[in-house]
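So this one's upload_26.cif, mmCIF, C-alpha atoms:
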```
data_protein
#
loop_
_atom_site.label_atom_id
_atom_site.label_comp_id
_atom_site.auth_asym_id
_atom_site.auth_seq_id
_atom_site.Cartn_x
_atom_site.Cartn_y
_atom_site.Cartn_z
CA MET A 1 -9.95 95.00 88.66
CA THR A 2 -8.57 92.02 90.54
CA GLU A 3 -11.28 89.99 92.24
CA LYS A 4 -10.76 89.54 95.96
CA ARG A 5 -10.24 85.97 97.04
CA LYS A 6 -12.82 84.43 99.31
CA PRO A 7 -11.34 83.37 102.65
CA VAL A 8 -10.79 79.64 102.85
CA SER A 9 -12.87 77.91 105.51
CA SER A 10 -11.48 74.74 107.04
CA SER A 11 -15.02 73.50 107.64
CA ASP A 12 -16.44 74.55 104.26
CA ASP A 13 -18.56 77.23 105.93
CA VAL A 14 -20.35 74.73 108.16
CA THR A 15 -21.19 76.53 111.39
CA PRO A 16 -19.71 75.09 114.59
CA THR A 17 -23.04 73.91 115.96
CA ASP A 18 -23.90 71.81 112.90
CA HIS A 19 -20.38 70.54 112.23
CA PRO A 20 -20.63 66.77 111.64
CA GLN A 21 -18.14 65.98 114.40
CA THR A 22 -19.79 68.19 117.02
CA ALA A 23 -22.05 65.32 118.09
CA ILE A 24 -18.97 63.43 119.25
CA LEU A 25 -17.85 66.31 121.43
CA ARG A 26 -21.36 66.74 122.78
CA GLU A 27 -21.53 63.06 123.74
CA HIS A 28 -18.20 63.19 125.57
CA LEU A 29 -19.42 66.22 127.51
CA ARG A 30 -22.72 64.51 128.31
CA ARG A 31 -20.96 61.47 129.72
CA ARG A 32 -18.65 63.69 131.75
CA TYR A 33 -21.29 66.12 133.06
CA GLY A 34 -24.72 64.59 132.46
CA ASP A 35 -27.46 67.18 132.09
CA THR A 36 -25.08 69.88 133.36
CA ALA A 37 -22.82 69.63 130.29
CA PRO A 38 -21.76 73.11 129.12
CA ASP A 39 -22.87 74.46 125.74
CA HIS A 40 -19.59 74.39 123.83
CA GLY A 41 -20.76 76.01 120.59
CA VAL A 42 -17.52 75.22 118.77
CA ALA A 43 -16.46 72.66 116.23
CA THR A 44 -14.61 69.75 117.71
CA ASN A 45 -11.02 68.82 117.01
CA PRO A 46 -8.93 65.72 117.76
CA THR A 47 -7.24 67.29 120.78
CA LEU A 48 -10.52 68.16 122.50
CA GLU A 49 -11.95 64.73 121.75
CA LEU A 50 -8.86 63.04 123.18
CA LEU A 51 -8.94 65.07 126.39
CA LEU A 52 -12.67 64.74 126.97
CA ARG A 53 -12.86 60.98 126.40
CA HIS A 54 -10.07 60.15 128.86
CA ARG A 55 -10.70 57.17 131.07
CA THR A 56 -8.50 55.00 133.26
CA ALA A 57 -7.33 51.82 131.53
CA ARG A 58 -6.57 49.03 134.02
CA HIS A 59 -6.71 46.05 131.67
CA TYR A 60 -4.40 45.66 128.69
CA LEU A 61 -3.96 43.53 125.61
CA PRO A 62 -0.54 41.92 124.98
CA ALA A 63 0.71 44.69 122.70
CA THR A 64 4.06 46.44 122.97
CA VAL A 65 4.73 50.15 123.17
CA THR A 66 7.77 50.52 120.93
CA GLU A 67 10.94 52.24 122.06
CA ALA A 68 10.32 54.95 119.45
CA GLU A 69 6.82 55.54 120.81
CA LEU A 70 8.09 55.61 124.38
CA ALA A 71 10.74 58.16 123.42
CA LEU A 72 8.03 60.40 121.96
CA ILE A 73 5.81 59.95 125.02
CA LEU A 74 8.68 60.98 127.27
CA ALA A 75 9.59 63.88 124.97
CA ALA A 76 6.02 65.12 125.36
CA GLY A 77 6.49 64.86 129.11
CA GLN A 78 9.70 66.87 128.98
CA SER A 79 7.92 69.50 126.87
CA ALA A 80 5.53 70.42 129.68
CA SER A 81 5.74 73.75 131.47
CA THR A 82 8.45 73.75 134.15
CA SER A 83 9.13 76.26 136.90
CA ALA A 84 12.12 78.46 135.97
CA ASN A 85 13.13 75.72 133.50
CA PHE A 86 14.43 73.76 136.51
CA GLN A 87 13.06 70.50 135.02
CA PHE A 88 12.46 68.73 138.32
CA THR A 89 11.27 65.51 136.66
CA SER A 90 13.04 62.17 136.49
CA VAL A 91 11.38 59.05 135.11
CA VAL A 92 12.36 55.47 135.91
CA VAL A 93 11.36 53.05 133.13
CA VAL A 94 10.82 49.73 134.88
CA ASP A 95 11.26 46.86 132.43
CA ASP A 96 12.87 44.31 134.75
CA ALA A 97 10.26 41.63 135.52
CA ASP A 98 11.43 41.03 139.10
CA LEU A 99 11.46 44.75 139.87
CA ARG A 100 7.97 45.14 138.45
CA ALA A 101 6.80 42.28 140.64
CA ARG A 102 8.32 44.01 143.67
CA LEU A 103 6.63 47.32 142.84
CA SER A 104 3.33 45.53 142.29
CA GLU A 105 3.66 43.98 145.74
CA LEU A 106 4.46 47.35 147.32
CA ALA A 107 1.44 48.91 145.57
CA GLY A 108 -1.01 46.40 147.00
CA GLY A 109 -0.61 43.65 144.41
CA GLN A 110 -1.86 45.64 141.43
CA GLN A 111 -1.86 43.33 138.42
CA LEU A 112 -1.79 46.19 135.93
CA ILE A 113 1.82 46.92 136.90
CA LEU A 114 2.71 43.47 135.60
CA ASP A 115 0.41 43.52 132.57
CA ALA A 116 1.18 46.96 131.12
CA SER A 117 3.59 47.22 128.22
CA VAL A 118 5.38 50.07 129.98
CA PHE A 119 5.57 50.99 133.66
CA LEU A 120 7.06 54.34 134.63
CA VAL A 121 7.81 55.85 138.02
CA TRP A 122 7.64 59.64 138.04
CA VAL A 123 10.14 61.18 140.44
CA ALA A 124 10.32 64.71 141.84
CA ASP A 125 14.03 65.41 141.52
CA TRP A 126 15.99 68.28 143.04
CA SER A 127 19.28 66.36 143.00
CA ARG A 128 20.57 67.58 139.62
CA ASN A 129 20.00 71.26 140.30
CA ILE A 130 21.41 71.06 143.82
CA ASP A 131 24.51 69.30 142.51
CA ILE A 132 25.01 71.98 139.84
CA ALA A 133 24.57 74.80 142.37
CA VAL A 134 26.97 73.26 144.90
CA ARG A 135 29.59 72.52 142.23
CA HIS A 136 29.49 76.20 141.30
CA GLY A 137 29.90 77.29 144.91
CA HIS A 138 26.37 78.48 145.63
CA SER A 139 24.22 78.12 148.75
CA ILE A 140 21.06 75.98 148.59
CA GLU A 141 19.31 77.49 151.62
CA ALA A 142 16.04 78.20 149.77
CA THR A 143 15.56 74.50 149.02
CA GLU A 144 14.87 73.92 152.72
CA TYR A 145 11.46 75.58 152.40
CA LEU A 146 8.12 74.04 151.49
CA ASP A 147 7.69 75.92 148.22
CA SER A 148 10.71 74.13 146.77
CA THR A 149 9.03 70.79 147.44
CA VAL A 150 5.72 72.00 146.04
CA SER A 151 7.42 73.29 142.88
CA SER A 152 9.05 69.93 142.21
CA ILE A 153 5.79 68.00 142.65
CA VAL A 154 3.90 70.41 140.40
CA ASP A 155 6.61 70.05 137.76
CA VAL A 156 6.57 66.26 137.73
CA THR A 157 2.77 66.24 137.62
CA LEU A 158 2.64 68.52 134.58
CA SER A 159 5.22 66.33 132.87
CA ALA A 160 3.40 63.10 133.69
CA GLN A 161 0.06 64.42 132.45
CA ASN A 162 1.66 65.54 129.18
CA ALA A 163 3.07 62.04 128.75
CA ALA A 164 -0.33 60.51 129.52
CA ILE A 165 -1.99 62.59 126.81
CA ALA A 166 0.76 61.66 124.35
CA ALA A 167 0.29 57.96 125.11
CA GLU A 168 -3.47 58.24 124.61
CA SER A 169 -2.93 60.08 121.33
CA LEU A 170 -1.03 56.99 120.11
CA GLY A 171 -3.98 54.75 120.98
CA TYR A 172 -2.74 53.54 124.36
CA GLY A 173 -4.39 53.78 127.77
CA ILE A 174 -2.84 54.79 131.07
CA THR A 175 -3.33 54.47 134.80
CA PHE A 176 -1.63 56.57 137.45
CA VAL A 177 -0.57 54.43 140.42
CA GLY A 178 -0.45 56.50 143.60
CA ALA A 179 -0.32 53.34 145.73
CA LEU A 180 3.46 53.31 145.34
CA ARG A 181 3.41 55.88 148.16
CA ASN A 182 1.89 53.27 150.50
CA ASN A 183 5.40 51.85 150.97
CA VAL A 184 7.44 54.73 149.67
CA ASP A 185 10.65 53.96 151.58
CA GLU A 186 10.76 50.49 150.04
CA VAL A 187 10.10 51.97 146.58
CA ILE A 188 12.99 54.39 147.05
CA ALA A 189 15.25 51.49 148.02
CA ALA A 190 14.09 49.28 145.14
CA LEU A 191 14.73 52.02 142.57
CA LYS A 192 17.97 53.16 144.26
CA LEU A 193 16.79 56.75 144.30
CA PRO A 194 19.33 59.27 145.62
CA GLU A 195 18.89 62.06 148.17
CA TRP A 196 16.70 64.95 147.03
CA THR A 197 14.34 62.72 145.05
CA PHE A 198 10.85 61.42 145.80
CA PRO A 199 8.72 58.93 143.79
CA VAL A 200 5.37 60.67 143.34
CA TYR A 201 3.46 57.94 141.45
CA GLY A 202 3.71 55.25 138.85
CA MET A 203 2.12 55.13 135.41
CA ALA A 204 1.07 52.02 133.51
CA ILE A 205 0.82 52.32 129.72
CA GLY A 206 -0.62 49.71 127.39
CA LEU A 207 -3.19 48.90 124.73
CA PRO A 208 -6.58 48.97 126.48
CA ASP A 209 -8.61 45.77 126.50
CA PRO A 210 -11.93 46.64 124.80
CA ALA A 211 -13.65 44.20 127.18
CA ASP A 212 -12.82 46.53 130.08
CA PRO A 213 -16.15 48.14 131.06
CA ALA A 214 -14.54 51.31 132.44
CA ASP A 215 -16.11 54.40 130.91
CA ILE A 216 -15.77 58.18 131.00
CA LYS A 217 -16.13 58.97 134.70
CA PRO A 218 -18.50 61.74 135.80
CA ARG A 219 -17.08 64.99 137.16
CA TYR A 220 -18.58 67.76 139.25
CA SER A 221 -20.50 70.28 137.17
CA GLN A 222 -18.63 73.44 136.29
CA ASP A 223 -20.94 75.34 138.65
CA VAL A 224 -19.13 73.53 141.47
CA VAL A 225 -15.51 73.96 140.41
CA VAL A 226 -15.39 77.16 138.31
CA HIS A 227 -15.42 80.49 140.17
CA ARG A 228 -15.58 84.02 138.80
CA ASN A 229 -13.22 86.47 140.50
CA THR A 230 -13.94 85.19 144.02
CA TYR A 231 -14.62 81.78 145.48
CA THR A 232 -18.24 80.69 145.85
CA ALA A 233 -19.24 77.64 147.86
CA PRO A 234 -21.17 75.06 145.79
CA SER A 235 -24.90 74.74 146.30
CA ASP A 236 -26.34 71.68 148.01
CA ASP A 237 -28.33 70.94 144.85
CA ALA A 238 -25.22 70.96 142.66
CA VAL A 239 -23.41 68.56 144.99
CA ALA A 240 -26.46 66.30 145.23
CA GLU A 241 -26.75 66.24 141.44
CA TYR A 242 -23.17 65.02 141.17
CA LEU A 243 -23.63 62.35 143.82
CA THR A 244 -26.58 61.00 141.86
CA ARG A 245 -24.52 60.80 138.67
CA ILE A 246 -21.42 59.25 140.25
CA ASN A 247 -23.48 56.67 142.13
CA THR A 248 -25.25 55.74 138.90
CA TYR A 249 -21.87 55.33 137.22
CA TYR A 250 -20.60 52.96 139.90
CA ARG A 251 -23.83 50.98 139.82
CA GLU A 252 -23.52 50.56 136.06
CA GLN A 253 -19.91 49.44 136.59
CA GLU A 254 -21.21 46.87 139.10
CA LEU A 255 -19.22 48.52 141.88
CA PRO A 256 -20.35 49.71 145.33
CA GLU A 257 -22.32 52.80 144.44
CA ASP A 258 -22.28 54.93 147.60
CA TRP A 259 -19.47 57.28 146.59
CA VAL A 260 -19.45 59.17 149.90
CA THR A 261 -19.14 56.04 152.05
CA ASN A 262 -17.09 53.79 149.81
CA ARG A 263 -14.79 56.35 148.18
CA LEU A 264 -14.64 59.68 150.00
CA ALA A 265 -14.96 58.53 153.61
CA GLY A 266 -12.87 55.48 152.84
CA ARG A 267 -9.94 57.76 152.01
CA ILE A 268 -10.22 60.45 154.71
CA SER A 269 -12.03 59.08 157.77
CA THR A 270 -9.07 57.63 159.70
CA LYS A 271 -5.29 57.55 159.65
CA ALA A 272 -5.47 53.87 158.74
CA SER A 273 -7.21 54.80 155.48
CA LEU A 274 -3.90 56.30 154.30
CA HIS A 275 -2.41 52.78 154.08
CA GLY A 276 1.04 53.87 155.23
CA ARG A 277 1.16 57.27 153.58
CA GLN A 278 0.83 59.05 156.94
CA GLY A 279 4.61 58.78 157.26
CA ILE A 280 5.43 60.51 153.98
CA ARG A 281 6.61 63.73 155.62
CA ASN A 282 9.33 61.78 157.42
CA THR A 283 10.36 60.21 154.12
CA PHE A 284 10.60 63.63 152.49
CA ASN A 285 12.80 64.80 155.36
CA ARG A 286 15.09 61.78 155.08
CA GLN A 287 15.39 62.43 151.34
CA GLY A 288 16.56 65.99 152.01
CA PHE A 289 13.29 67.91 151.65
CA GLN A 290 13.03 69.92 154.89
CA MET A 291 9.78 71.77 154.08
CA LYS A 292 10.13 74.59 156.60
#
```
As structure tokens, the full file:
Amino acid sequence: MTEKRKPVSSSDDVTPTDHPQTAILREHLRRRYGDTAPDHGVATNPTLELLLRHRTARHYLPATVTEAELALILAAGQSASTSANFQFTSVVVVDDADLRARLSELAGGQQLILDASVFLVWVADWSRNIDIAVRHGHSIEATEYLDSTVSSIVDVTLSAQNAAIAAESLGYGITFVGALRNNVDEVIAALKLPEWTFPVYGMAIGLPDPADPADIKPRYSQDVVVHRNTYTAPSDDAVAEYLTRINTYYREQELPEDWVTNRLAGRISTKASLHGRQGIRNTFNRQGFQMK
């Protein structure tokens, strides 16, 4: 009688909880969630480790992202989910030194735009699809409504995040630069963007400087953000627990530690806190996005 083969185990029958790499995953979760870290109960893998250890990299070493690596990073971006396969994303690779200097100025003088090996501007782009539809004699009435704008921004965000993960998988660090929207009309002019496009944010990519003290930044516990079937408001205790952790993080980073005053209120308390972004709706309209 033929003996049945024993199933092959990729972990040599080590249970998930005592897998030698599980400690790494547990540490990433602890730094992200503190004492509220979920019990994962699974063996780690490189993808999970990469996602959970993400941090913003604002300081870079003088290393070059190769053209081959950049092509793969952008291919990963193009491989993201896209609504109806409309592929609303365009990416401007900014490698002209003077243009980078101009974008840095428009984004509040951010040095990382100058220092990064690669600087990308991610653009929500309806222009291609509208051109195709018009050339084939079709109406574009539906593009006048808000959902069309939302769909394009969701698309470009999924694509940009895919590219960010790809860059990190190659050993690079990234920073999203939303401050380009502070002077968005000037950014549109500098990049010569056509009608039916909008620059959503920039992305710096480079080899992180190990001297940069930035660490895994705390997030709300899953009790705050995860809901079962219907929405449940977070408890005061859960919010207070997060504020304690995030304030500790900023103190350890030698930054102002009152997150509510220095971060949250600083972004939402007055129109002036938008730093010019309060006019973005008008820019969308001028670019062709009517948002009815």
List every residue of region 81-104 of chain A that has an atom at most 10 Å from any atom of region 199-202 of chain A, giving for each one its closest atom pair and the distance in Å to one decimal, counting only C-alpha atoms, sorted by chain and then by ascending residue number, as a Markdown table.
```
| residue | atom | partner | partner_atom | distance |
| --- | --- | --- | --- | --- |
| A:Ser90 | CA | A:Pro199 | CA | 9.1 |
| A:Val91 | CA | A:Pro199 | CA | 9.1 |
| A:Val92 | CA | A:Gly202 | CA | 9.1 |
| A:Val93 | CA | A:Gly202 | CA | 9.8 |
| A:Val94 | CA | A:Gly202 | CA | 9.8 |
| A:Leu103 | CA | A:Gly202 | CA | 9.3 |
```
Within 7 Å of Leu52 (chain A), counting all atoms listed in the file, which residues show up once you throw out same-chain ones fewer than 4 positions away? Write them as number ranges by chain, please.
A: 28-29, 48
When the PyMOL selection byres ((chain A and resi 184) around 10) is applied to the file above, which residues end up in the set, as a VMD selection string?
chain A and resid 106 to 107 179 to 183 185 to 190 198 to 201 276 to 277 279 to 280 283 to 284
Taking 3 positions as the minimum chain separation for residues in the same chain, which residues sit within 10 Å of region 249-255 of chain A when counting only C-alpha atoms? Answer as number ranges by chain.
A: 31, 213-218, 243-246, 258-259, 262
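As for CA of Asp147 (chain A) and CA of Phe86 (chain A), they are spaced 13.7 Å apart.
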Residues returned when the PyMOL selection byres ((chain A and resi 54-69) around 6) runs on this file, as JSON, numbers by chain
{"A": [51, 52, 53, 70, 71, 72, 112, 117, 173, 174, 175, 206, 207, 208, 209, 216]}
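Our summary of the geometry notes that CA of Arg30 (chain A) is positioned 15.1 Å from CA of Asp223 (chain A).
Within 12 Å of the file-frame point (15.9, 74.8, 151.4), and using only C-alpha atoms, the polymer residues found are Trp126, Ile130, Ser139, Ile140, Glu141, Ala142, Thr143, Glu144, Tyr145, Leu146, Asp147, Ser148, Thr149, Val150, Trp196, Asn285, Gly288, Phe289, Gln290, Met291 and Lys292 of chain A.
With all atoms listed in the file as the basis for measurement, A:Gly171 is the residue among A:Ile113, A:Tyr33, A:Arg228, A:Gly171 that approaches Pro210 (chain A) most closely.
Between CA of Ser169 (chain A) and CA of Glu49 (chain A) the separation is 10.2 Å.
Point (10.7, 75.6, 135.1) has the following residues at most 12 Å away: A:Gln78, A:Ser79, A:Ala80, A:Ser81, A:Thr82, A:Ser83, A:Ala84, A:Asn85, A:Phe86, A:Gln87, A:Phe88, A:Thr89, A:Asn129, A:Ser148, A:Ser151, A:Ser152, A:Ile153, A:Val154, A:Asp155, A:Val156, A:Leu158, A:Ser159 (atoms considered: only C-alpha atoms).
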For the structure shown, which residues end up in the PyMOL selection byres ((chain A and resi 234) around 8)? Put them as an MDAnalysis selection string, please?
chainID A and resid 223:225 232:233 235:236 238:239
